[in-house]
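**Student:** My structure is stored as run-v4.csv, with CSV, C-alpha atoms.
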```
chain,number,residue,atom,x,y,z
A,1,ASP,CA,0.0,0.0,0.0
A,2,ALA,CA,1.5,3.2,-1.1
A,3,MET,CA,2.0,5.7,1.7
A,4,VAL,CA,3.7,8.6,-0.1
A,5,ILE,CA,2.4,9.0,-3.6
A,6,GLN,CA,3.9,11.3,-6.2
A,7,ASN,CA,2.3,12.3,-9.5
A,8,PRO,CA,3.3,12.2,-12.2
A,9,ARG,CA,6.2,9.8,-12.1
A,10,TYR,CA,7.7,11.4,-15.2
A,11,GLN,CA,7.1,14.9,-16.3
A,12,VAL,CA,8.3,16.7,-19.5
A,13,THR,CA,8.0,20.4,-19.6
A,14,GLN,CA,9.2,23.1,-21.9
A,15,PHE,CA,11.8,25.7,-21.0
A,16,GLY,CA,10.0,28.5,-19.1
A,17,LYS,CA,6.6,26.7,-18.9
A,18,PRO,CA,5.3,26.5,-15.4
A,19,VAL,CA,4.9,23.0,-14.0
A,20,THR,CA,3.4,21.5,-10.8
A,21,LEU,CA,4.4,18.3,-9.1
A,22,SER,CA,2.1,16.6,-6.6
A,23,CYS,CA,2.7,14.6,-3.4
A,24,SER,CA,0.1,13.0,-1.2
A,25,GLN,CA,0.4,10.9,1.9
A,26,THR,CA,-1.8,8.5,3.8
A,27,LEU,CA,0.4,8.5,7.0
A,28,ASN,CA,-1.1,11.7,8.5
A,29,HIS,CA,2.4,12.9,9.2
A,30,ASN,CA,3.1,16.4,10.3
A,31,VAL,CA,6.1,17.2,8.2
A,32,MET,CA,6.4,17.1,4.4
A,33,TYR,CA,9.6,17.7,2.5
A,34,TRP,CA,10.6,18.4,-1.1
A,35,TYR,CA,14.1,17.4,-2.3
A,36,GLN,CA,15.8,17.9,-5.6
A,37,GLN,CA,18.2,15.2,-6.7
A,38,LYS,CA,20.4,15.5,-9.7
A,39,SER,CA,22.1,12.5,-11.3
A,40,SER,CA,24.6,10.7,-9.0
A,41,GLN,CA,24.2,13.3,-6.3
A,42,ALA,CA,22.6,13.3,-2.8
A,43,PRO,CA,19.1,14.7,-2.4
A,44,LYS,CA,19.1,18.4,-1.7
A,45,LEU,CA,16.4,19.8,0.5
A,46,LEU,CA,14.4,22.6,-1.1
A,47,PHE,CA,11.8,23.3,1.7
A,48,HIS,CA,9.6,21.7,4.1
A,49,TYR,CA,6.3,22.2,5.9
A,50,TYR,CA,5.8,21.5,9.6
A,51,ASP,CA,2.0,21.4,9.7
A,52,LYS,CA,1.2,24.7,8.1
A,53,ASP,CA,4.6,26.3,8.8
A,54,PHE,CA,6.6,26.7,5.7
A,55,ASN,CA,10.4,26.5,5.9
A,56,ASN,CA,12.5,27.5,2.9
A,57,GLU,CA,16.1,26.6,2.6
A,58,ALA,CA,18.3,29.6,2.2
A,59,ASP,CA,19.7,28.6,-1.2
A,60,THR,CA,16.4,27.5,-2.8
A,61,PRO,CA,15.8,29.6,-5.9
A,62,ASP,CA,12.7,31.9,-6.0
A,63,ASN,CA,11.6,29.9,-9.0
A,64,PHE,CA,10.5,27.1,-6.7
A,65,GLN,CA,7.4,27.5,-4.6
A,66,SER,CA,5.3,25.1,-2.5
A,67,ARG,CA,1.8,24.8,-1.3
A,68,ARG,CA,0.3,22.6,1.4
A,69,PRO,CA,-3.5,23.0,1.3
A,70,ASN,CA,-4.1,20.2,3.8
A,71,THR,CA,-2.3,17.6,5.8
A,72,SER,CA,-2.4,15.1,3.0
A,73,PHE,CA,-1.2,17.1,0.0
A,74,CYS,CA,1.8,19.1,-0.9
A,75,PHE,CA,2.7,20.7,-4.2
A,76,LEU,CA,5.9,21.9,-5.8
A,77,ASP,CA,5.5,24.7,-8.3
A,78,ILE,CA,8.3,25.6,-10.7
A,79,ARG,CA,7.4,28.9,-12.1
A,80,SER,CA,9.8,29.1,-15.0
A,81,PRO,CA,11.8,25.9,-15.4
A,82,GLY,CA,15.3,26.1,-16.8
A,83,LEU,CA,17.4,23.3,-18.2
A,84,GLY,CA,19.3,23.2,-14.9
A,85,ASP,CA,16.0,22.2,-13.1
A,86,ALA,CA,15.9,18.8,-14.8
A,87,ALA,CA,16.2,16.4,-11.9
A,88,MET,CA,14.4,13.8,-9.8
A,89,TYR,CA,12.1,15.5,-7.2
A,90,LEU,CA,11.5,13.5,-4.1
A,91,CYS,CA,8.7,14.1,-1.6
A,92,ALA,CA,9.1,12.8,1.9
A,93,THR,CA,7.1,12.8,5.1
A,94,SER,CA,7.9,12.3,8.8
A,95,ARG,CA,5.9,12.3,12.0
A,96,GLY,CA,8.0,14.9,13.6
A,97,GLY,CA,11.5,16.5,13.4
A,98,GLY,CA,13.4,14.9,16.2
A,99,PRO,CA,16.4,12.5,15.8
A,100,GLY,CA,14.5,9.4,16.9
A,101,LYS,CA,13.6,6.5,14.7
A,102,GLU,CA,9.9,7.4,15.1
A,103,ASN,CA,10.7,10.4,12.9
A,104,GLU,CA,12.0,8.3,10.1
A,105,GLN,CA,11.4,9.9,6.7
A,106,TYR,CA,9.2,8.1,4.3
A,107,PHE,CA,9.9,8.9,0.7
A,108,GLY,CA,7.7,8.8,-2.4
A,109,PRO,CA,8.9,7.2,-5.7
A,110,GLY,CA,9.9,10.6,-7.1
A,111,THR,CA,9.0,12.6,-10.2
A,112,ARG,CA,11.6,12.7,-12.9
A,113,LEU,CA,11.4,16.1,-14.5
A,114,THR,CA,12.8,16.7,-18.0
A,115,VAL,CA,13.0,20.2,-19.4
A,116,THR,CA,13.2,20.6,-23.2
B,1,ALA,CA,32.9,21.1,6.7
B,2,GLN,CA,30.8,18.2,5.6
B,3,LYS,CA,28.6,16.7,8.2
B,4,ILE,CA,28.3,13.3,6.6
B,5,THR,CA,31.2,11.8,4.7
B,6,GLN,CA,31.0,8.7,2.5
B,7,THR,CA,34.5,8.2,1.1
B,8,GLN,CA,33.7,5.3,-1.3
B,9,PRO,CA,32.1,6.5,-4.5
B,10,GLY,CA,31.8,2.9,-5.7
B,11,MET,CA,32.1,-0.6,-4.2
B,12,PHE,CA,32.1,-3.9,-6.0
B,13,VAL,CA,31.3,-7.2,-4.4
B,14,GLN,CA,30.4,-10.7,-5.4
B,15,GLU,CA,27.2,-12.4,-4.5
B,16,LYS,CA,27.1,-14.0,-1.1
B,17,GLU,CA,30.0,-11.9,0.2
B,18,ALA,CA,29.7,-9.3,2.9
B,19,VAL,CA,30.4,-5.7,2.2
B,20,THR,CA,31.0,-2.6,4.4
B,21,LEU,CA,30.0,0.8,3.3
B,22,ASP,CA,31.7,3.6,5.3
B,23,CYS,CA,30.1,6.6,6.8
B,24,THR,CA,31.6,9.2,9.2
B,25,TYR,CA,29.7,12.1,10.6
B,26,ASP,CA,30.4,15.4,12.4
B,27,THR,CA,28.1,16.9,15.1
B,28,SER,CA,28.4,18.5,18.4
B,29,ASP,CA,24.8,17.7,19.3
B,30,PRO,CA,24.7,14.8,21.9
B,31,SER,CA,21.3,13.6,20.5
B,32,TYR,CA,21.2,12.6,16.9
B,33,GLY,CA,20.0,9.8,14.7
B,34,LEU,CA,21.8,8.0,11.9
B,35,PHE,CA,19.9,6.5,8.9
B,36,TRP,CA,20.9,4.4,6.0
B,37,TYR,CA,18.8,4.5,2.8
B,38,LYS,CA,19.1,2.4,-0.4
B,39,GLN,CA,18.2,4.0,-3.7
B,40,PRO,CA,17.8,1.6,-6.7
B,41,SER,CA,17.9,2.9,-10.3
B,42,SER,CA,14.1,3.4,-10.1
B,43,GLY,CA,14.8,6.3,-7.8
B,44,GLU,CA,12.8,5.5,-4.6
B,45,MET,CA,14.6,6.0,-1.3
B,46,ILE,CA,14.2,2.9,0.8
B,47,PHE,CA,14.9,3.1,4.5
B,48,LEU,CA,17.2,0.3,5.7
B,49,ILE,CA,18.4,0.8,9.3
B,50,TYR,CA,18.6,3.4,12.1
B,51,GLN,CA,21.0,4.0,14.9
B,52,GLY,CA,20.3,6.5,17.7
B,53,SER,CA,23.2,8.3,19.4
B,54,TYR,CA,22.2,6.9,22.8
B,55,ASP,CA,21.7,3.3,21.6
B,56,GLN,CA,24.0,0.9,23.5
B,57,GLN,CA,23.9,-1.8,20.9
B,58,ASN,CA,24.6,-1.8,17.2
B,59,ALA,CA,21.4,-1.8,15.1
B,60,THR,CA,20.6,-4.9,13.0
B,61,GLU,CA,17.8,-5.4,10.4
B,62,GLY,CA,18.0,-8.8,8.7
B,63,ARG,CA,21.1,-8.8,6.5
B,64,TYR,CA,21.9,-5.2,7.4
B,65,SER,CA,23.8,-4.2,10.5
B,66,LEU,CA,25.4,-1.0,11.6
B,67,ASN,CA,28.9,-0.8,13.0
B,68,PHE,CA,28.5,2.2,15.3
B,69,GLN,CA,31.6,3.6,16.8
B,70,LYS,CA,30.6,6.7,18.6
B,71,ALA,CA,34.0,7.9,19.7
B,72,ARG,CA,35.2,7.7,16.1
B,73,LYS,CA,31.9,9.2,14.8
B,74,SER,CA,31.5,6.4,12.3
B,75,ALA,CA,28.4,4.4,11.4
B,76,ASN,CA,29.3,1.9,8.7
B,77,LEU,CA,26.7,-0.2,7.1
B,78,VAL,CA,27.5,-4.0,6.8
B,79,ILE,CA,25.5,-6.0,4.3
B,80,SER,CA,25.9,-9.7,4.8
B,81,ALA,CA,25.5,-12.3,2.0
B,82,SER,CA,25.1,-9.8,-0.8
B,83,GLN,CA,22.5,-10.4,-3.5
B,84,LEU,CA,22.2,-9.1,-7.0
B,85,GLY,CA,19.2,-7.0,-5.9
B,86,ASP,CA,21.5,-5.1,-3.5
B,87,SER,CA,23.0,-3.2,-6.4
B,88,ALA,CA,22.0,0.4,-5.8
B,89,MET,CA,23.1,3.7,-4.4
B,90,TYR,CA,23.4,3.8,-0.6
B,91,PHE,CA,23.1,7.0,1.4
B,92,CYS,CA,24.1,7.6,5.0
B,93,ALA,CA,22.1,10.4,6.6
B,94,MET,CA,21.9,12.2,10.0
B,95,ARG,CA,19.3,14.2,11.8
B,96,GLU,CA,20.3,16.3,14.8
B,97,SER,CA,18.0,17.3,17.7
B,98,ASN,CA,18.8,20.9,17.9
B,99,GLN,CA,16.4,22.0,15.1
B,100,ALA,CA,13.0,20.5,15.2
B,101,GLY,CA,11.5,19.7,11.8
B,102,THR,CA,14.7,19.8,9.8
B,103,ALA,CA,15.4,17.3,7.2
B,104,LEU,CA,18.1,14.7,7.0
B,105,ILE,CA,21.6,15.6,6.2
B,106,PHE,CA,22.8,13.2,3.5
B,107,GLY,CA,26.2,12.0,2.5
B,108,LYS,CA,27.2,11.9,-1.2
B,109,GLY,CA,26.4,8.2,-1.4
B,110,THR,CA,28.1,5.0,-2.4
B,111,THR,CA,27.2,3.0,-5.5
B,112,LEU,CA,27.3,-0.7,-4.8
B,113,SER,CA,27.6,-3.2,-7.6
B,114,VAL,CA,27.0,-6.9,-6.9
B,115,SER,CA,28.1,-9.4,-9.5
B,116,SER,CA,27.3,-13.1,-9.9
```
Represent the structure contained in this file as structure tokens.

**Tutor:**
Amino acid sequence: DAMVIQNPRYQVTQFGKPVTLSCSQTLNHNVMYWYQQKSSQAPKLLFHYYDKDFNNEADTPDNFQSRRPNTSFCFLDIRSPGLGDAAMYLCATSRGGGPGKENEQYFGPGTRLTVT
Amino acid sequence: AQKITQTQPGMFVQEKEAVTLDCTYDTSDPSYGLFWYKQPSSGEMIFLIYQGSYDQQNATEGRYSLNFQKARKSANLVISASQLGDSAMYFCAMRESNQAGTALIFGKGTTLSVSS
């Protein structure tokens, strides 16, 4: 049973054309994260929501925005995708933010974004 | 300075052999958690094993065990009896307690190739 669902799995967009990636969870977790992962690199955190509180990483470009309309859903909006934004985008959730195992992050399958 | 260091970009092992993937970390927080994830070519991040900073015993999960040496700040993953399906990228990650709701800090990963 899928717990963190990402749609679509593959997305092709044109240079400069806005695109939205979707993430939903059935775990009722408080925290939802968006990571960008480029080929053969570690995931890079873009931002996260702790409940309704939005937390942006300092080096996340303004081109990237996020919305969390309710506990279950979180969206990643890329306003004007550039060629350098082609990557895998991973959504993750956790119950809380502490270091214990109970706050393990559960990842979705990812959306692979191609920019043409 | 990097907080998580994985010094092995690639490792090669034959089926049924054991392999150790290295991970060292840097933190001044006395309370932290260490996580290992597996990422196959499909892209999904799969949680493998967790070690808490206060845990007295090394964590084990089936064929996975964690060689936790706190004084040396190392948390090496040991995979016993390797299988072809173990071929993947492996990430070591850490979460500290001093910032609630923050995401995992990932190492750069190690690519494991298992041959028959």

**Student:** Show me, as a tab-separated table (two decimals) with C-alpha atoms, in the coordinates of the input, every residue of chain B with an atom at most 9 Å from chain A, counting only C-alpha atoms.

**Tutor:**
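Contents of the output file out.tsv:
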```
chain	number	residue	atom	x	y	z
B	31	SER	CA	21.30	13.60	20.50
B	32	TYR	CA	21.20	12.60	16.90
B	33	GLY	CA	20.00	9.80	14.70
B	34	LEU	CA	21.80	8.00	11.90
B	35	PHE	CA	19.90	6.50	8.90
B	42	SER	CA	14.10	3.40	-10.10
B	43	GLY	CA	14.80	6.30	-7.80
B	44	GLU	CA	12.80	5.50	-4.60
B	45	MET	CA	14.60	6.00	-1.30
B	46	ILE	CA	14.20	2.90	0.80
B	47	PHE	CA	14.90	3.10	4.50
B	50	TYR	CA	18.60	3.40	12.10
B	51	GLN	CA	21.00	4.00	14.90
B	52	GLY	CA	20.30	6.50	17.70
B	53	SER	CA	23.20	8.30	19.40
B	89	MET	CA	23.10	3.70	-4.40
B	91	PHE	CA	23.10	7.00	1.40
B	94	MET	CA	21.90	12.20	10.00
B	95	ARG	CA	19.30	14.20	11.80
B	96	GLU	CA	20.30	16.30	14.80
B	97	SER	CA	18.00	17.30	17.70
B	98	ASN	CA	18.80	20.90	17.90
B	99	GLN	CA	16.40	22.00	15.10
B	100	ALA	CA	13.00	20.50	15.20
B	101	GLY	CA	11.50	19.70	11.80
B	102	THR	CA	14.70	19.80	9.80
B	103	ALA	CA	15.40	17.30	7.20
B	104	LEU	CA	18.10	14.70	7.00
B	105	ILE	CA	21.60	15.60	6.20
B	106	PHE	CA	22.80	13.20	3.50
B	107	GLY	CA	26.20	12.00	2.50
B	108	LYS	CA	27.20	11.90	-1.20
B	109	GLY	CA	26.40	8.20	-1.40
B	111	THR	CA	27.20	3.00	-5.50
```

**Student:** Select all residues near (19.9, -9.2, -8.7) (cut-off 10 Å, inclusive, file coordinates), counting only C-alpha atoms, and output them as a ChimeraX atom specification.

**Tutor:** /B:15,82-87,113-116

**Student:** Write a file of the selected residues as a PDB file, keeping the file's coordinate frame, keeping C-alpha atoms.

**Tutor:**
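The resulting again-v9.pdb:
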```
ATOM      1  CA  GLU B  15      27.200 -12.400  -4.500  1.00  0.00           C
ATOM      2  CA  SER B  82      25.100  -9.800  -0.800  1.00  0.00           C
ATOM      3  CA  GLN B  83      22.500 -10.400  -3.500  1.00  0.00           C
ATOM      4  CA  LEU B  84      22.200  -9.100  -7.000  1.00  0.00           C
ATOM      5  CA  GLY B  85      19.200  -7.000  -5.900  1.00  0.00           C
ATOM      6  CA  ASP B  86      21.500  -5.100  -3.500  1.00  0.00           C
ATOM      7  CA  SER B  87      23.000  -3.200  -6.400  1.00  0.00           C
ATOM      8  CA  SER B 113      27.600  -3.200  -7.600  1.00  0.00           C
ATOM      9  CA  VAL B 114      27.000  -6.900  -6.900  1.00  0.00           C
ATOM     10  CA  SER B 115      28.100  -9.400  -9.500  1.00  0.00           C
ATOM     11  CA  SER B 116      27.300 -13.100  -9.900  1.00  0.00           C
TER      12      SER B 116
END
```

**Student:** Which distance in Å separates atom CA of A:Ala87 and atom CA of A:Val12, to one decimal?

**Tutor:**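 Here the two named atoms are 11.0 Å from each other.
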
**Student:** Fewer than 3 positions away in the same chain doesn't count, so skip those; otherwise give me all residues within 12 Å of B:Thr110, counting only C-alpha atoms, as a ChimeraX atom specification.

**Tutor:** /A:40-42 /B:5-12,19-23,36-40,76-77,87-92,106-107,113

**Student:** Quick one: residues within 7 Å of A:Met3, only C-alpha atoms counted, chain neighbours fewer than 6 positions away excluded, as a list in words?

**Tutor:**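 My reading of the contact set: Gln25, Thr26 and Leu27 of chain A.
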
**Student:** Can you tell me which residues surround A:Phe75 at a distance of at most 9 Å, considering only C-alpha atoms, apart from same-chain residues fewer than 6 positions away, and format the answer as a CSV table (one decimal) with C-alpha atoms, keeping the file's coordinate frame?

**Tutor:**
```
chain,number,residue,atom,x,y,z
A,20,THR,CA,3.4,21.5,-10.8
A,21,LEU,CA,4.4,18.3,-9.1
A,22,SER,CA,2.1,16.6,-6.6
A,23,CYS,CA,2.7,14.6,-3.4
A,24,SER,CA,0.1,13.0,-1.2
A,34,TRP,CA,10.6,18.4,-1.1
A,65,GLN,CA,7.4,27.5,-4.6
A,66,SER,CA,5.3,25.1,-2.5
A,67,ARG,CA,1.8,24.8,-1.3
A,68,ARG,CA,0.3,22.6,1.4
A,69,PRO,CA,-3.5,23.0,1.3
```

**Student:** Because some atoms of stretch 8-19 of chain B are absent here, can you restore all heavy atoms and send them as an mmCIF file, in the frame of the given file?

**Tutor:**
```cif
data_model
loop_
_atom_site.group_PDB
_atom_site.id
_atom_site.type_symbol
_atom_site.label_atom_id
_atom_site.label_comp_id
_atom_site.auth_asym_id
_atom_site.auth_seq_id
_atom_site.Cartn_x
_atom_site.Cartn_y
_atom_site.Cartn_z
ATOM 1 N N GLN B 8 33.629 6.330 -0.223
ATOM 2 C CA GLN B 8 33.700 5.300 -1.300
ATOM 3 C C GLN B 8 32.650 5.659 -2.360
ATOM 4 O O GLN B 8 31.477 5.384 -2.189
ATOM 5 C CB GLN B 8 33.364 3.932 -0.711
ATOM 6 C CG GLN B 8 34.195 3.524 0.479
ATOM 7 C CD GLN B 8 33.443 2.531 1.364
ATOM 8 O OE1 GLN B 8 32.278 2.740 1.681
ATOM 9 N NE2 GLN B 8 34.112 1.463 1.763
ATOM 10 N N PRO B 9 33.075 6.217 -3.491
ATOM 11 C CA PRO B 9 32.100 6.500 -4.500
ATOM 12 C C PRO B 9 31.470 5.231 -5.093
ATOM 13 O O PRO B 9 30.284 5.212 -5.436
ATOM 14 C CB PRO B 9 32.915 7.211 -5.617
ATOM 15 C CG PRO B 9 34.181 7.600 -4.956
ATOM 16 C CD PRO B 9 34.410 6.649 -3.818
ATOM 17 N N GLY B 10 32.291 4.156 -5.173
ATOM 18 C CA GLY B 10 31.800 2.900 -5.700
ATOM 19 C C GLY B 10 32.420 1.727 -5.007
ATOM 20 O O GLY B 10 33.576 1.767 -4.609
ATOM 21 N N MET B 11 31.600 0.688 -4.846
ATOM 22 C CA MET B 11 32.100 -0.600 -4.200
ATOM 23 C C MET B 11 31.619 -1.717 -5.101
ATOM 24 O O MET B 11 30.501 -1.690 -5.633
ATOM 25 C CB MET B 11 31.571 -0.719 -2.817
ATOM 26 C CG MET B 11 32.182 0.249 -1.821
ATOM 27 S SD MET B 11 33.880 -0.190 -1.428
ATOM 28 C CE MET B 11 33.612 -1.606 -0.342
ATOM 29 N N PHE B 12 32.481 -2.739 -5.192
ATOM 30 C CA PHE B 12 32.100 -3.900 -6.000
ATOM 31 C C PHE B 12 32.267 -5.147 -5.101
ATOM 32 O O PHE B 12 33.237 -5.285 -4.352
ATOM 33 C CB PHE B 12 33.075 -4.035 -7.190
ATOM 34 C CG PHE B 12 32.965 -2.876 -8.136
ATOM 35 C CD1 PHE B 12 33.719 -1.720 -7.937
ATOM 36 C CD2 PHE B 12 32.103 -2.918 -9.217
ATOM 37 C CE1 PHE B 12 33.613 -0.645 -8.801
ATOM 38 C CE2 PHE B 12 31.990 -1.851 -10.088
ATOM 39 C CZ PHE B 12 32.740 -0.704 -9.878
ATOM 40 N N VAL B 13 31.273 -6.029 -5.197
ATOM 41 C CA VAL B 13 31.300 -7.200 -4.400
ATOM 42 C C VAL B 13 30.630 -8.359 -5.141
ATOM 43 O O VAL B 13 29.797 -8.132 -6.025
ATOM 44 C CB VAL B 13 30.556 -6.979 -3.030
ATOM 45 C CG1 VAL B 13 29.063 -6.790 -3.243
ATOM 46 C CG2 VAL B 13 30.829 -8.073 -2.029
ATOM 47 N N GLN B 14 31.038 -9.572 -4.812
ATOM 48 C CA GLN B 14 30.400 -10.700 -5.400
ATOM 49 C C GLN B 14 29.238 -11.209 -4.591
ATOM 50 O O GLN B 14 29.227 -11.034 -3.361
ATOM 51 C CB GLN B 14 31.419 -11.841 -5.649
ATOM 52 C CG GLN B 14 32.394 -11.562 -6.782
ATOM 53 C CD GLN B 14 33.031 -12.832 -7.292
ATOM 54 O OE1 GLN B 14 33.476 -13.648 -6.507
ATOM 55 N NE2 GLN B 14 33.097 -12.980 -8.612
ATOM 56 N N GLU B 15 28.314 -11.853 -5.260
ATOM 57 C CA GLU B 15 27.200 -12.400 -4.500
ATOM 58 C C GLU B 15 27.650 -13.267 -3.370
ATOM 59 O O GLU B 15 28.668 -13.949 -3.436
ATOM 60 C CB GLU B 15 26.407 -13.375 -5.487
ATOM 61 C CG GLU B 15 25.198 -12.772 -6.133
ATOM 62 C CD GLU B 15 24.417 -13.817 -6.925
ATOM 63 O OE1 GLU B 15 25.030 -14.513 -7.757
ATOM 64 O OE2 GLU B 15 23.215 -13.925 -6.690
ATOM 65 N N LYS B 16 26.882 -13.215 -2.283
ATOM 66 C CA LYS B 16 27.100 -14.000 -1.100
ATOM 67 C C LYS B 16 28.224 -13.488 -0.194
ATOM 68 O O LYS B 16 28.390 -13.995 0.922
ATOM 69 C CB LYS B 16 27.298 -15.491 -1.376
ATOM 70 C CG LYS B 16 26.132 -16.106 -2.137
ATOM 71 C CD LYS B 16 26.355 -17.582 -2.440
ATOM 72 C CE LYS B 16 25.219 -18.123 -3.298
ATOM 73 N NZ LYS B 16 25.429 -19.542 -3.687
ATOM 74 N N GLU B 17 28.972 -12.526 -0.694
ATOM 75 C CA GLU B 17 30.000 -11.900 0.200
ATOM 76 C C GLU B 17 29.420 -10.817 0.994
ATOM 77 O O GLU B 17 28.396 -10.232 0.661
ATOM 78 C CB GLU B 17 31.146 -11.410 -0.707
ATOM 79 C CG GLU B 17 31.957 -12.489 -1.378
ATOM 80 C CD GLU B 17 33.133 -11.934 -2.148
ATOM 81 O OE1 GLU B 17 33.206 -10.700 -2.335
ATOM 82 O OE2 GLU B 17 33.977 -12.736 -2.571
ATOM 83 N N ALA B 18 30.109 -10.482 2.078
ATOM 84 C CA ALA B 18 29.700 -9.300 2.900
ATOM 85 C C ALA B 18 30.454 -8.093 2.391
ATOM 86 O O ALA B 18 31.536 -8.177 1.813
ATOM 87 C CB ALA B 18 30.080 -9.591 4.357
ATOM 88 N N VAL B 19 29.830 -6.943 2.614
ATOM 89 C CA VAL B 19 30.400 -5.700 2.200
ATOM 90 C C VAL B 19 30.164 -4.622 3.267
ATOM 91 O O VAL B 19 29.115 -4.636 3.903
ATOM 92 C CB VAL B 19 29.904 -5.240 0.810
ATOM 93 C CG1 VAL B 19 28.408 -4.980 0.859
ATOM 94 C CG2 VAL B 19 30.648 -4.019 0.295
#
```
